[in-house]
>>> print(open('data.pdb').read())   # PDB, C-alpha atoms and all ligand atoms
ATOM      1  CA  MET A   1     142.308 245.503  65.620  1.00  0.00           C
ATOM      2  CA  GLU A   2     139.702 248.035  64.610  1.00  0.00           C
ATOM      3  CA  SER A   3     141.696 249.266  61.624  1.00  0.00           C
ATOM      4  CA  LEU A   4     142.247 245.798  60.148  1.00  0.00           C
ATOM      5  CA  TYR A   5     139.065 245.956  58.135  1.00  0.00           C
ATOM      6  CA  GLY A   6     140.121 249.277  56.686  1.00  0.00           C
ATOM      7  CA  LEU A   7     143.036 247.518  55.020  1.00  0.00           C
ATOM      8  CA  ASN A   8     140.611 245.332  53.071  1.00  0.00           C
ATOM      9  CA  SER A   9     142.956 242.419  53.657  1.00  0.00           C
ATOM     10  CA  LEU A  10     140.274 240.585  55.633  1.00  0.00           C
ATOM     11  CA  ARG A  11     137.528 240.876  53.059  1.00  0.00           C
ATOM     12  CA  THR A  12     136.229 237.634  51.605  1.00  0.00           C
ATOM     13  CA  GLY A  13     134.134 239.413  48.964  1.00  0.00           C
ATOM     14  CA  ILE A  14     130.944 237.719  50.223  1.00  0.00           C
ATOM     15  CA  VAL A  15     128.840 240.619  51.475  1.00  0.00           C
ATOM     16  CA  GLN A  16     126.988 238.840  54.293  1.00  0.00           C
ATOM     17  CA  ILE A  17     130.134 237.156  55.593  1.00  0.00           C
ATOM     18  CA  ASP A  18     132.096 240.423  55.568  1.00  0.00           C
ATOM     19  CA  ARG A  19     129.222 242.166  57.375  1.00  0.00           C
ATOM     20  CA  ASP A  20     129.235 239.450  60.035  1.00  0.00           C
ATOM     21  CA  HIS A  21     132.996 239.782  60.487  1.00  0.00           C
ATOM     22  CA  GLU A  22     132.687 243.534  60.909  1.00  0.00           C
ATOM     23  CA  ALA A  23     129.915 243.088  63.480  1.00  0.00           C
ATOM     24  CA  ILE A  24     132.045 240.578  65.413  1.00  0.00           C
ATOM     25  CA  LEU A  25     135.051 242.892  65.232  1.00  0.00           C
ATOM     26  CA  ALA A  26     132.949 245.748  66.663  1.00  0.00           C
ATOM     27  CA  LEU A  27     131.953 243.486  69.580  1.00  0.00           C
ATOM     28  CA  VAL A  28     135.596 242.430  70.114  1.00  0.00           C
ATOM     29  CA  THR A  29     136.587 246.096  70.239  1.00  0.00           C
ATOM     30  CA  ALA A  30     133.831 246.830  72.781  1.00  0.00           C
ATOM     31  CA  PHE A  31     134.897 243.790  74.818  1.00  0.00           C
ATOM     32  CA  TYR A  32     138.538 244.887  74.793  1.00  0.00           C
ATOM     33  CA  ALA A  33     137.532 248.418  75.888  1.00  0.00           C
ATOM     34  CA  ALA A  34     135.393 246.969  78.713  1.00  0.00           C
ATOM     35  CA  ILE A  35     138.349 244.935  80.019  1.00  0.00           C
ATOM     36  CA  HIS A  36     140.694 247.887  79.666  1.00  0.00           C
ATOM     37  CA  ASP A  37     138.284 250.198  81.509  1.00  0.00           C
ATOM     38  CA  LYS A  38     137.741 247.523  84.189  1.00  0.00           C
ATOM     39  CA  LYS A  39     133.958 247.570  83.746  1.00  0.00           C
ATOM     40  CA  ASP A  40     131.662 245.703  86.134  1.00  0.00           C
ATOM     41  CA  HIS A  41     131.753 241.929  85.907  1.00  0.00           C
ATOM     42  CA  PRO A  42     128.061 241.440  84.863  1.00  0.00           C
ATOM     43  CA  LEU A  43     128.555 243.837  81.951  1.00  0.00           C
ATOM     44  CA  ILE A  44     131.665 241.961  80.795  1.00  0.00           C
ATOM     45  CA  VAL A  45     129.837 238.615  81.061  1.00  0.00           C
ATOM     46  CA  ASP A  46     126.928 239.990  78.989  1.00  0.00           C
ATOM     47  CA  LEU A  47     129.298 241.285  76.346  1.00  0.00           C
ATOM     48  CA  CYS A  48     131.220 238.003  76.211  1.00  0.00           C
ATOM     49  CA  SER A  49     128.021 235.956  75.905  1.00  0.00           C
ATOM     50  CA  LYS A  50     126.808 238.135  73.057  1.00  0.00           C
ATOM     51  CA  LEU A  51     130.185 237.893  71.377  1.00  0.00           C
ATOM     52  CA  VAL A  52     130.356 234.099  71.607  1.00  0.00           C
ATOM     53  CA  GLU A  53     126.731 233.664  70.472  1.00  0.00           C
ATOM     54  CA  THR A  54     127.190 236.063  67.540  1.00  0.00           C
ATOM     55  CA  THR A  55     130.344 234.226  66.489  1.00  0.00           C
ATOM     56  CA  GLU A  56     128.618 230.817  66.706  1.00  0.00           C
ATOM     57  CA  GLU A  57     125.689 232.080  64.635  1.00  0.00           C
ATOM     58  CA  HIS A  58     128.152 233.445  62.081  1.00  0.00           C
ATOM     59  CA  PHE A  59     129.924 230.080  61.889  1.00  0.00           C
ATOM     60  CA  ARG A  60     126.579 228.361  61.204  1.00  0.00           C
ATOM     61  CA  GLN A  61     125.733 230.847  58.457  1.00  0.00           C
ATOM     62  CA  GLU A  62     129.165 230.528  56.889  1.00  0.00           C
ATOM     63  CA  GLU A  63     128.962 226.723  56.913  1.00  0.00           C
ATOM     64  CA  ALA A  64     125.530 226.947  55.253  1.00  0.00           C
ATOM     65  CA  TYR A  65     127.062 229.083  52.494  1.00  0.00           C
ATOM     66  CA  MET A  66     129.794 226.461  52.026  1.00  0.00           C
ATOM     67  CA  GLU A  67     127.310 223.630  51.908  1.00  0.00           C
ATOM     68  CA  ARG A  68     125.165 225.382  49.290  1.00  0.00           C
ATOM     69  CA  ALA A  69     128.260 226.130  47.202  1.00  0.00           C
ATOM     70  CA  GLY A  70     129.515 222.523  47.460  1.00  0.00           C
ATOM     71  CA  PHE A  71     132.811 223.752  48.959  1.00  0.00           C
ATOM     72  CA  PRO A  72     135.175 220.753  49.291  1.00  0.00           C
ATOM     73  CA  GLY A  73     136.999 222.294  52.280  1.00  0.00           C
ATOM     74  CA  LEU A  74     133.848 222.418  54.432  1.00  0.00           C
ATOM     75  CA  GLY A  75     134.853 219.530  56.730  1.00  0.00           C
ATOM     76  CA  GLU A  76     138.239 220.985  57.650  1.00  0.00           C
ATOM     77  CA  HIS A  77     136.814 224.500  57.944  1.00  0.00           C
ATOM     78  CA  LYS A  78     134.040 223.279  60.243  1.00  0.00           C
ATOM     79  CA  CYS A  79     136.630 221.547  62.470  1.00  0.00           C
ATOM     80  CA  GLU A  80     138.363 224.915  62.887  1.00  0.00           C
ATOM     81  CA  HIS A  81     135.034 226.571  63.755  1.00  0.00           C
ATOM     82  CA  ASP A  82     134.317 223.837  66.298  1.00  0.00           C
ATOM     83  CA  ARG A  83     137.770 224.197  67.868  1.00  0.00           C
ATOM     84  CA  LEU A  84     137.446 227.997  68.160  1.00  0.00           C
ATOM     85  CA  THR A  85     133.908 227.647  69.554  1.00  0.00           C
ATOM     86  CA  GLU A  86     135.035 225.126  72.156  1.00  0.00           C
ATOM     87  CA  GLU A  87     137.923 227.357  73.261  1.00  0.00           C
ATOM     88  CA  ALA A  88     135.717 230.475  73.372  1.00  0.00           C
ATOM     89  CA  ARG A  89     133.003 228.629  75.357  1.00  0.00           C
ATOM     90  CA  GLY A  90     135.659 227.380  77.807  1.00  0.00           C
ATOM     91  CA  PHE A  91     136.912 230.908  78.453  1.00  0.00           C
ATOM     92  CA  LEU A  92     133.358 232.263  78.689  1.00  0.00           C
ATOM     93  CA  MET A  93     132.619 229.768  81.455  1.00  0.00           C
ATOM     94  CA  LYS A  94     135.809 230.825  83.248  1.00  0.00           C
ATOM     95  CA  ILE A  95     134.851 234.491  82.873  1.00  0.00           C
ATOM     96  CA  GLU A  96     131.457 233.721  84.437  1.00  0.00           C
ATOM     97  CA  HIS A  97     133.330 232.195  87.381  1.00  0.00           C
ATOM     98  CA  GLU A  98     135.673 235.185  87.553  1.00  0.00           C
ATOM     99  CA  THR A  99     138.786 233.089  86.867  1.00  0.00           C
ATOM    100  CA  PRO A 100     141.775 235.451  86.628  1.00  0.00           C
ATOM    101  CA  GLY A 101     143.128 235.836  83.100  1.00  0.00           C
ATOM    102  CA  ALA A 102     140.087 234.251  81.400  1.00  0.00           C
ATOM    103  CA  ASP A 103     139.092 237.525  79.720  1.00  0.00           C
ATOM    104  CA  ILE A 104     142.518 237.793  78.104  1.00  0.00           C
ATOM    105  CA  GLY A 105     142.238 234.123  77.044  1.00  0.00           C
ATOM    106  CA  LEU A 106     138.974 234.846  75.227  1.00  0.00           C
ATOM    107  CA  TYR A 107     140.491 237.925  73.666  1.00  0.00           C
ATOM    108  CA  TYR A 108     143.309 235.802  72.233  1.00  0.00           C
ATOM    109  CA  VAL A 109     140.863 233.260  70.749  1.00  0.00           C
ATOM    110  CA  LEU A 110     139.016 236.114  69.038  1.00  0.00           C
ATOM    111  CA  ARG A 111     142.269 237.634  67.907  1.00  0.00           C
ATOM    112  CA  GLU A 112     143.139 234.276  66.311  1.00  0.00           C
ATOM    113  CA  LEU A 113     139.798 234.409  64.504  1.00  0.00           C
ATOM    114  CA  PHE A 114     140.851 237.675  62.886  1.00  0.00           C
ATOM    115  CA  VAL A 115     144.581 237.313  62.392  1.00  0.00           C
ATOM    116  CA  ALA A 116     144.587 233.658  61.337  1.00  0.00           C
ATOM    117  CA  HIS A 117     141.193 232.050  60.661  1.00  0.00           C
ATOM    118  CA  ILE A 118     139.687 234.679  58.367  1.00  0.00           C
ATOM    119  CA  LEU A 119     142.927 235.164  56.461  1.00  0.00           C
ATOM    120  CA  GLU A 120     143.636 231.483  56.000  1.00  0.00           C
ATOM    121  CA  TYR A 121     140.231 229.792  55.882  1.00  0.00           C
ATOM    122  CA  ASP A 122     137.478 232.313  55.146  1.00  0.00           C
ATOM    123  CA  LYS A 123     139.369 234.013  52.351  1.00  0.00           C
ATOM    124  CA  GLU A 124     140.075 230.639  50.731  1.00  0.00           C
ATOM    125  CA  PHE A 125     136.323 230.013  50.686  1.00  0.00           C
ATOM    126  CA  GLY A 126     135.723 233.551  49.339  1.00  0.00           C
ATOM    127  CA  VAL A 127     137.964 232.811  46.363  1.00  0.00           C
ATOM    128  CA  TYR A 128     136.159 229.509  45.703  1.00  0.00           C
ATOM    129  CA  TYR A 129     132.733 231.141  46.045  1.00  0.00           C
ATOM    130  CA  MET A 130     133.590 233.964  43.651  1.00  0.00           C
ATOM    131  CA  GLN A 131     135.017 231.538  41.088  1.00  0.00           C
ATOM    132  CA  ARG A 132     131.841 229.462  41.262  1.00  0.00           C
ATOM    133  CA  ALA A 133     129.724 232.612  40.854  1.00  0.00           C
ATOM    134  CA  MET A 134     131.566 233.474  37.643  1.00  0.00           C
ATOM    135  CA  GLU A 135     131.155 230.028  36.056  1.00  0.00           C
TER     136      GLU A 135
HETATM  137 FE    FE A 201     135.229 230.469  58.989  1.00  0.00          FE
HETATM  138 FE    FE A 202     133.998 233.827  59.155  1.00  0.00          FE
END
>>> encode(input="data.pdb", output="structure tokens")
Amino acid sequence: MESLYGLNSLRTGIVQIDRDHEAILALVTAFYAAIHDKKDHPLIVDLCSKLVETTEEHFRQEEAYMERAGFPGLGEHKCEHDRLTEEARGFLMKIEHETPGADIGLYYVLRELFVAHILEYDKEFGVYYMQRAME
């Protein structure tokens, strides 16, 4: 997943949003490496908590951008954020309780964020935002 940003295909064109996505992707990469290397459970829990909190904060920031820009797709976009947050929080709780397979579940939610959500939803907002900026 690390090389996805290099392709530029994930860029929204909004500097702060792209920076956030890169920061989240770096945390996802670290999380994946920690699972792969079978790191200690407390370290994985810490990493997951940071990842989920960073993602939630990003969602709030992104929604604030949409609100300020008067983006008509905000409601639907926010529903997607809420769904991803709920799923990620559910897996985080399972990871805290050492439920087998929960780490992979969280990884798949985050993967969806990058291979589906950003491409479909965030980039749509990026196009709208840039058009508004040029008006
Ligand atoms: Fe989003
Ligand atoms: Fe985003």
>>> residues_near_ligand(input="data.pdb", ligand="ligand FE 201 (chain A)", cutoff="10 Å", atoms="only C-alpha atoms and all ligand atoms", output="number ranges by chain")
A: 17, 21, 55, 58-63, 66, 74, 77-82, 84, 113-114, 117-125
>>> atom_distance(input="data.pdb", atom1="atom CA of Glu98 of chain A", atom2="atom CA of Thr54 of chain A")
21.8 Å
>>> closest_residue(input="data.pdb", among="A:Tyr65, A:His36, A:Phe91, A:Gly105", to="Val15 of chain A", atoms="all atoms listed in the file")
A:Tyr65
>>> closest_residue(input="data.pdb", among="A:His41, A:Arg89, A:Arg19, A:Arg132", to="ligand FE 202 (chain A)", atoms="all atoms listed in the file")
A:Arg19
>>> resolve_selection(input="data.pdb", expression="the PyMOL selection byres (((chain A and resi 111) around 12) and not hetatm)", output="list in words")
Met1, Glu2, Leu4, Ile24, Leu25, Leu27, Val28, Thr29, Phe31, Tyr32, Leu84, Ala88, Ile104, Gly105, Leu106, Tyr107, Tyr108, Val109, Leu110, Glu112, Leu113, Phe114, Val115, Ala116, His117, Ile118 and Leu119 of chain A
>>> atom_distance(input="data.pdb", atom1="atom CA of Asp20 of chain A", atom2="atom CA of Met134 of chain A")
23.3 Å
>>> closest_residue(input="data.pdb", among="A:Ala33, A:Ile95, A:Glu57, A:Ile44", to="ligand FE 202 (chain A)", atoms="only C-alpha atoms and all ligand atoms")
A:Glu57
>>> atom_distance(input="data.pdb", atom1="atom CA of Ala34 of chain A", atom2="atom CA of Asn8 of chain A")
26.2 Å
>>> closest_residue(input="data.pdb", among="A:Arg11, A:Arg68, A:Lys38, A:Arg83", to="ligand FE 202 (chain A)", atoms="all atoms listed in the file")
A:Arg11
>>> closest_residue(input="data.pdb", among="A:Ser9, A:Ile35, A:Ala26, A:Asp40", to="Gly101 of chain A", atoms="only C-alpha atoms")
A:Ile35
>>> axis_aligned_box(input="data.pdb", around="segment 68-76 of chain A", padding_each_side="5 Å", output="JSON")
{"center_x": 131.7, "center_y": 222.8, "center_z": 52.4, "size_x": 23.1, "size_y": 16.6, "size_z": 20.4}
>>> closest_residue(input="data.pdb", among="A:Ala64, A:Cys48, A:Leu92, A:Leu43", to="ligand FE 202 (chain A)", atoms="all atoms listed in the file")
A:Ala64
>>> build_atoms(input="data.pdb", residues="segment 48-61 of chain A", atoms="N, CA and C atoms", output="mmCIF file, in the frame of the given file")
data_model
loop_
_atom_site.group_PDB
_atom_site.id
_atom_site.type_symbol
_atom_site.label_atom_id
_atom_site.label_comp_id
_atom_site.auth_asym_id
_atom_site.auth_seq_id
_atom_site.Cartn_x
_atom_site.Cartn_y
_atom_site.Cartn_z
ATOM 1 N N CYS A 48 130.565 239.255 76.651
ATOM 2 C CA CYS A 48 131.220 238.003 76.211
ATOM 3 C C CYS A 48 130.196 237.017 75.675
ATOM 4 N N SER A 49 129.062 236.897 76.346
ATOM 5 C CA SER A 49 128.021 235.956 75.905
ATOM 6 C C SER A 49 127.535 236.354 74.531
ATOM 7 N N LYS A 50 127.289 237.644 74.347
ATOM 8 C CA LYS A 50 126.808 238.135 73.057
ATOM 9 C C LYS A 50 127.848 237.867 71.974
ATOM 10 N N LEU A 51 129.086 238.085 72.322
ATOM 11 C CA LEU A 51 130.185 237.893 71.377
ATOM 12 C C LEU A 51 130.283 236.425 70.950
ATOM 13 N N VAL A 52 130.236 235.532 71.919
ATOM 14 C CA VAL A 52 130.356 234.099 71.607
ATOM 15 C C VAL A 52 129.141 233.628 70.810
ATOM 16 N N GLU A 53 127.947 234.077 71.202
ATOM 17 C CA GLU A 53 126.731 233.664 70.472
ATOM 18 C C GLU A 53 126.726 234.210 69.042
ATOM 19 N N THR A 54 127.142 235.459 68.881
ATOM 20 C CA THR A 54 127.190 236.063 67.540
ATOM 21 C C THR A 54 128.184 235.314 66.665
ATOM 22 N N THR A 55 129.311 234.953 67.248
ATOM 23 C CA THR A 55 130.344 234.226 66.489
ATOM 24 C C THR A 55 129.831 232.845 66.091
ATOM 25 N N GLU A 56 129.158 232.154 67.011
ATOM 26 C CA GLU A 56 128.618 230.817 66.706
ATOM 27 C C GLU A 56 127.573 230.895 65.589
ATOM 28 N N GLU A 57 126.718 231.906 65.669
ATOM 29 C CA GLU A 57 125.689 232.080 64.635
ATOM 30 C C GLU A 57 126.360 232.362 63.278
ATOM 31 N N HIS A 58 127.403 233.163 63.321
ATOM 32 C CA HIS A 58 128.152 233.445 62.081
ATOM 33 C C HIS A 58 128.748 232.156 61.509
ATOM 34 N N PHE A 59 129.333 231.338 62.366
ATOM 35 C CA PHE A 59 129.924 230.080 61.889
ATOM 36 C C PHE A 59 128.859 229.218 61.205
ATOM 37 N N ARG A 60 127.668 229.167 61.798
ATOM 38 C CA ARG A 60 126.579 228.361 61.204
ATOM 39 C C ARG A 60 126.201 228.900 59.829
ATOM 40 N N GLN A 61 126.091 230.217 59.735
ATOM 41 C CA GLN A 61 125.733 230.847 58.457
ATOM 42 C C GLN A 61 126.802 230.580 57.399
#
